[in-house]
Amino acid sequence: MRLLILILLLTISANVLSQNYIQFNEQYQTAEGVIIFKDEIYKADTTQKILQLGNKSFIYKDAKIGNIKNITDDDLIETKNRIKITKIDDDLSYSVDISEFYRYNQIIKFIRQNNSVVELSGSSPELINIKNAGKYFRIIIPNKPSIVYLKEDILYNSESINEKDHLNTGEYFNKFTIWHYLIGSLILLVIAVFGYLYGVKKLFFKKKYPIHKRYDSGDLNDFAIESGISREQLIRYNKKELNSYLDLKTKKEKENFKKALKGIDLIVGYSETPIINMPNNGDVMAPKPPDDTFDDSQPIQQLLFAMEQRILTRISSLVNNKEAAQNIEILQRELESMRLKNKQVEGEIIKVRNDNEVFRSDLVKTNREKQELENIHLKYTEKIVFVDYLEPYAKAITVYYNFCNQGFEKAVDLYEHLDSSNLSSTNIVGHFLLKFIKNIPSSTIKWIGIINEIAESKTTANQDLIRSLIQIPSNEEKTNEFKKILLKDVFEKYTSSILILTEELKNLSKFTNENTAMNKDFEVFFTDFSKELKSKVSTIGLDLNFVPLFESYTEYVAHIKLVSKNCSLPYRNVRGLPKDSVLEIVNYGFGNKETNVIVI
């Protein structure tokens with residue numbers, strides 16, 4: 001015996017390997033298509049770059065990783081044992097309780113083999129379905145070793161998979177050196193010798209009597225639970241009858257197996273003293289000597305039945321004793337009371353089972369509704385992107401556009417109040433307004449809607465903008481790209497058009513050759529408006545090359561480009577300008593782009 005223990009310990013110590021735990025500093029995909037998410041922790045051979053994921057090994061390279069200290073195989077086992085996974089029904093649905101790890105704002109993930117992700121809140125046990133999870137799935141807890149569950153292990157243990165460590169059997173001892181095992185072997189050898197000398201052998205090999213219960217029908221897991229044991233214990237107690245059950249794959253094979261098993265007495269536990277066993281059909285087997293003590297781990301029906309037999313035995317021993325007549329009557333009343341309690345307990349059991357079925361049905365319904373809401377949320381988040389970093393610039397653009405629009409609305413208002421008898425002024429102002437409307441970009445209204453959405457909600461649903469920004473890494477670079485798109489598509493041309501309209505209306509009398517009161521109103525308002533507009537152009541990131549209308553171009557020659565073309569119709573009425581004066585501004589330039597003008 002002692003020699004056998006020593007050989008076993010030395011054999012275990014010879015299989016010790018040395019590996020490290022690593023943490024991935026970025027998302028990484030293996031050659032086999034397995035995605036390892038950022039901050040996941042796994043066991044790996046860092047010298048050969050071999051990653052161990054469950055019972056599979058993968059080669060990893062070009063991944064940013066960091067060595068993790070103070071993480072051992074004990075952490076892996078302790079973490080897995082604290083995750084409670086319990087079977088809900090035959091539809092491969094399981095309740096996952098991660099409440100021991102859940103912290104506020106902490107994200108715990110359930111990862112299927114196809115790399116799809118389900119986030120677990122941890123506020124209450126959540127329902128998962130492993131039917132389409134693949135051969136394995138993972139649970140990722142921040143700052144803890146990632147847990148890998150094999151689907152076949154889940155299917156073989158429908159009560160609670162945290163009772164066993166199915167992940168990487170034999171890896172628990174990897175952290176010890178051979179000296180740890182040699183010292184441990186010596187200590188265990190000394191304990192074994194002293195234990196043997198002081199009667200440990202007698203204690204472990206004490207005779208135990210099997211407790212039988214007849215199997216009629218139904219799920220083996222339910223039969224085991226009703227008997228006060230797990231399904232694994234039931235199979236272990238009855239290896240001859242049930243060991244082949246684990247090899248069955250289809251539901252039909254399992255049903256045929258259960259039919260063949262019907263009527264057989266199965267072992268559901270052991271007792272140190274002989275007890276009375278009760279089949280499911282209610283027939284009483286050969287009685288055993290009664291015992292006044294009861295094991296609380298036995299099912300309630302079995303305890304009540306044993307108590308009833310004890311009372312009957314005592315009644316039989318007292319029936320011929322005239323002096324015990326009173327005791328017989330008391331015991332008979334006790335017997336009737338116990339039978340009544342037995343019926344009440346059976347009724348309570350039936351009620352609890354019915355309530356449990358209703359609860360399971362409600363749980364399945366609630367889970368389906370939750371899944372539908374998650375799908376709706378996923379579709380919503382795919383279409384709308386959070387862009388809070390664009391909000392400041394969006395607000396600046398909104399303020400600038402509203403100011404420019406106020407100037408245009410003022411011009412329209414003054415135009416509507418022009419005297420209808422003054423046909424010349426009416427035609428000229430109408431021409432300027434129409435030219436402004438035609439020259440502003442057609443996409444202006446669309447972009448103003450996008451800008452207002454970002455300024456108000458910090459989000460955007462515009463797919464073109466989303467695609468333009470999605471590949472840019474930093475928020476600063478995304479903001480610069482957003483500015484370039486807006487200025488190029490809209491606000492360079494829009495700003496040029498509003499500046500030209502402003503210059504025309506503040507010089508309206510030179511186009512009409514009349515100094516009427518209405519012309520004066522135009523010129524006063526747009527002279528002030530022009531000054532403020534030039535100061536606001538820089539707030540949206542434009543560097544304006546400003547040139548005033550009807551003044552000598554020589555002072556602005558550094559950023560002017562002369563255009564050889566005929567001037568527009570209203571400009572042909574302008575008289576009395578000196579040579580080299582700016583007759584018409586074709587368009588304003590910004591930055592390195594020159595302002596195009598027509599000169600007399």
# chains A, B, ... in the order shown; residues from 1 in each chain; ligands from 1
$ select_by_dssp --residues "range 389-565 of chain A" --states "helix (DSSP H, G or I)" --output "number ranges by chain"
A: 389-416, 423-439, 444-457, 463-469, 475-505, 508-512, 517-540, 553-559
$ closest_residue --among "A:Phe408, A:Phe403, A:Tyr494, A:Phe546" --to "Ser442 in chain A" --atoms "only C-alpha atoms"
A:Tyr494
$ closest_residue --among "A:Thr250, A:Thr366, A:Thr495, A:Asn587" --to "Pro441 in chain A" --atoms "only C-alpha atoms"
A:Thr495
$ closest_residue --among "A:Leu549, A:Ile440, A:Leu508, A:Leu363" --to "Asn427 in chain A" --atoms "only C-alpha atoms"
A:Leu508
$ residues_around --residues "Val582 in chain A" --least-positions-apart "4" --cutoff "9 Å" --atoms "only C-alpha atoms" --output "list of chain:residue names"
A:Val547, A:Pro548, A:Leu549, A:Phe550, A:Glu551, A:Ser552, A:Tyr553, A:Leu577, A:Val597, A:Ile598, A:Val599, A:Ile600
$ write_last_selection --atoms "all heavy atoms" --output "mmCIF file, in the first residue's frame"
data_model
loop_
_atom_site.group_PDB
_atom_site.id
_atom_site.type_symbol
_atom_site.label_atom_id
_atom_site.label_comp_id
_atom_site.auth_asym_id
_atom_site.auth_seq_id
_atom_site.Cartn_x
_atom_site.Cartn_y
_atom_site.Cartn_z
ATOM 1 N N VAL A 547 -10.949 90.819 -50.785
ATOM 2 C CA VAL A 547 -10.751 91.931 -51.729
ATOM 3 C C VAL A 547 -12.071 92.693 -51.782
ATOM 4 O O VAL A 547 -13.109 92.102 -52.077
ATOM 5 C CB VAL A 547 -10.378 91.426 -53.134
ATOM 6 C CG1 VAL A 547 -10.249 92.606 -54.096
ATOM 7 C CG2 VAL A 547 -9.082 90.628 -53.080
ATOM 8 N N PRO A 548 -12.068 94.029 -51.511
ATOM 9 C CA PRO A 548 -13.326 94.795 -51.554
ATOM 10 C C PRO A 548 -13.715 95.121 -52.994
ATOM 11 O O PRO A 548 -12.874 95.194 -53.894
ATOM 12 C CB PRO A 548 -12.994 96.055 -50.754
ATOM 13 C CG PRO A 548 -11.523 96.215 -50.895
ATOM 14 C CD PRO A 548 -10.939 94.840 -51.003
ATOM 15 N N LEU A 549 -14.964 95.358 -53.204
ATOM 16 C CA LEU A 549 -15.494 95.690 -54.527
ATOM 17 C C LEU A 549 -15.269 97.182 -54.824
ATOM 18 O O LEU A 549 -15.357 98.030 -53.932
ATOM 19 C CB LEU A 549 -16.985 95.352 -54.564
ATOM 20 C CG LEU A 549 -17.664 95.291 -55.938
ATOM 21 C CD1 LEU A 549 -17.035 94.192 -56.794
ATOM 22 C CD2 LEU A 549 -19.166 94.987 -55.754
ATOM 23 N N PHE A 550 -14.909 97.480 -56.095
ATOM 24 C CA PHE A 550 -14.789 98.842 -56.619
ATOM 25 C C PHE A 550 -13.567 99.582 -56.086
ATOM 26 O O PHE A 550 -13.485 100.800 -56.211
ATOM 27 C CB PHE A 550 -16.049 99.672 -56.341
ATOM 28 C CG PHE A 550 -17.294 99.059 -56.898
ATOM 29 C CD1 PHE A 550 -18.489 99.142 -56.205
ATOM 30 C CD2 PHE A 550 -17.279 98.392 -58.129
ATOM 31 C CE1 PHE A 550 -19.642 98.579 -56.714
ATOM 32 C CE2 PHE A 550 -18.437 97.834 -58.646
ATOM 33 C CZ PHE A 550 -19.622 97.917 -57.932
ATOM 34 N N GLU A 551 -12.609 98.919 -55.459
ATOM 35 C CA GLU A 551 -11.375 99.575 -55.020
ATOM 36 C C GLU A 551 -10.204 99.065 -55.863
ATOM 37 O O GLU A 551 -10.308 98.043 -56.539
ATOM 38 C CB GLU A 551 -11.111 99.303 -53.538
ATOM 39 C CG GLU A 551 -12.144 99.936 -52.621
ATOM 40 C CD GLU A 551 -11.767 99.823 -51.162
ATOM 41 O OE1 GLU A 551 -10.594 99.490 -50.881
ATOM 42 O OE2 GLU A 551 -12.640 100.050 -50.301
ATOM 43 N N SER A 552 -9.048 99.793 -55.811
ATOM 44 C CA SER A 552 -7.891 99.444 -56.624
ATOM 45 C C SER A 552 -7.363 98.064 -56.211
ATOM 46 O O SER A 552 -7.165 97.787 -55.022
ATOM 47 C CB SER A 552 -6.787 100.497 -56.468
ATOM 48 O OG SER A 552 -5.629 100.088 -57.169
ATOM 49 N N TYR A 553 -7.126 97.213 -57.203
ATOM 50 C CA TYR A 553 -6.693 95.847 -56.925
ATOM 51 C C TYR A 553 -5.218 95.791 -56.546
ATOM 52 O O TYR A 553 -4.746 94.778 -56.034
ATOM 53 C CB TYR A 553 -6.962 94.955 -58.129
ATOM 54 C CG TYR A 553 -5.872 94.979 -59.183
ATOM 55 C CD1 TYR A 553 -4.857 94.020 -59.187
ATOM 56 C CD2 TYR A 553 -5.846 95.958 -60.178
ATOM 57 C CE1 TYR A 553 -3.862 94.038 -60.151
ATOM 58 C CE2 TYR A 553 -4.868 95.984 -61.142
ATOM 59 C CZ TYR A 553 -3.863 95.020 -61.131
ATOM 60 O OH TYR A 553 -2.879 95.027 -62.069
ATOM 61 N N LEU A 577 -15.640 104.672 -62.213
ATOM 62 C CA LEU A 577 -14.582 103.977 -61.483
ATOM 63 C C LEU A 577 -13.221 104.284 -62.112
ATOM 64 O O LEU A 577 -13.087 104.298 -63.340
ATOM 65 C CB LEU A 577 -14.811 102.465 -61.508
ATOM 66 C CG LEU A 577 -16.046 101.946 -60.773
ATOM 67 C CD1 LEU A 577 -16.127 100.424 -60.921
ATOM 68 C CD2 LEU A 577 -16.003 102.347 -59.303
ATOM 69 N N VAL A 597 -10.972 87.989 -59.842
ATOM 70 C CA VAL A 597 -11.678 89.273 -60.022
ATOM 71 C C VAL A 597 -11.583 89.710 -61.483
ATOM 72 O O VAL A 597 -10.708 89.286 -62.242
ATOM 73 C CB VAL A 597 -11.080 90.366 -59.111
ATOM 74 C CG1 VAL A 597 -11.213 89.969 -57.639
ATOM 75 C CG2 VAL A 597 -9.617 90.641 -59.468
ATOM 76 N N ILE A 598 -12.526 90.602 -61.838
ATOM 77 C CA ILE A 598 -12.495 91.288 -63.148
ATOM 78 C C ILE A 598 -12.143 92.746 -62.862
ATOM 79 O O ILE A 598 -12.767 93.402 -62.020
ATOM 80 C CB ILE A 598 -13.855 91.187 -63.853
ATOM 81 C CG1 ILE A 598 -14.205 89.715 -64.113
ATOM 82 C CG2 ILE A 598 -13.853 91.978 -65.155
ATOM 83 C CD1 ILE A 598 -15.606 89.529 -64.687
ATOM 84 N N VAL A 599 -11.131 93.263 -63.567
ATOM 85 C CA VAL A 599 -10.621 94.623 -63.325
ATOM 86 C C VAL A 599 -10.880 95.487 -64.555
ATOM 87 O O VAL A 599 -10.803 95.017 -65.702
ATOM 88 C CB VAL A 599 -9.113 94.572 -62.995
ATOM 89 C CG1 VAL A 599 -8.559 95.978 -62.783
ATOM 90 C CG2 VAL A 599 -8.869 93.717 -61.759
ATOM 91 N N ILE A 600 -11.140 96.793 -64.293
ATOM 92 C CA ILE A 600 -11.347 97.735 -65.420
ATOM 93 C C ILE A 600 -10.009 97.995 -66.106
ATOM 94 O O ILE A 600 -9.004 98.271 -65.435
ATOM 95 C CB ILE A 600 -11.923 99.064 -64.903
ATOM 96 C CG1 ILE A 600 -13.328 98.842 -64.357
ATOM 97 C CG2 ILE A 600 -11.960 100.105 -66.018
ATOM 98 C CD1 ILE A 600 -13.962 100.076 -63.804
#
$ closest_residue --among "A:Ala133, A:Val586, A:Ile88, A:Leu542" --to "Asn356 in chain A" --atoms "only C-alpha atoms"
A:Ile88
$ residues_around --residues "Ile65 in chain A" --least-positions-apart "5" --cutoff "6 Å" --atoms "only C-alpha atoms" --output "list in words"
Gln23, Phe24 and Asn25 of chain A
$ residues_around --residues "Glu119 in chain A" --least-positions-apart "6" --cutoff "8 Å" --atoms "only C-alpha atoms" --output "MDAnalysis selection string"
chainID A and resid 107:110
$ write_last_selection --atoms "N, CA, C and O atoms" --output "compact mmCIF listing (two decimals), in the first residue's frame"
# COMPACT_ATOMS: atom_id res chain seq x y z
N ILE A 107 -17.91 44.75 -17.75
CA ILE A 107 -18.45 43.99 -18.88
C ILE A 107 -17.93 42.57 -18.82
O ILE A 107 -16.72 42.34 -18.89
N ILE A 108 -18.84 41.61 -18.66
CA ILE A 108 -18.51 40.19 -18.69
C ILE A 108 -19.12 39.60 -19.96
O ILE A 108 -20.30 39.81 -20.25
N LYS A 109 -18.30 38.89 -20.76
CA LYS A 109 -18.72 38.48 -22.10
C LYS A 109 -18.88 36.96 -22.19
O LYS A 109 -18.12 36.21 -21.60
N PHE A 110 -19.90 36.55 -22.98
CA PHE A 110 -20.11 35.15 -23.37
C PHE A 110 -19.78 35.06 -24.86
O PHE A 110 -20.41 35.71 -25.69
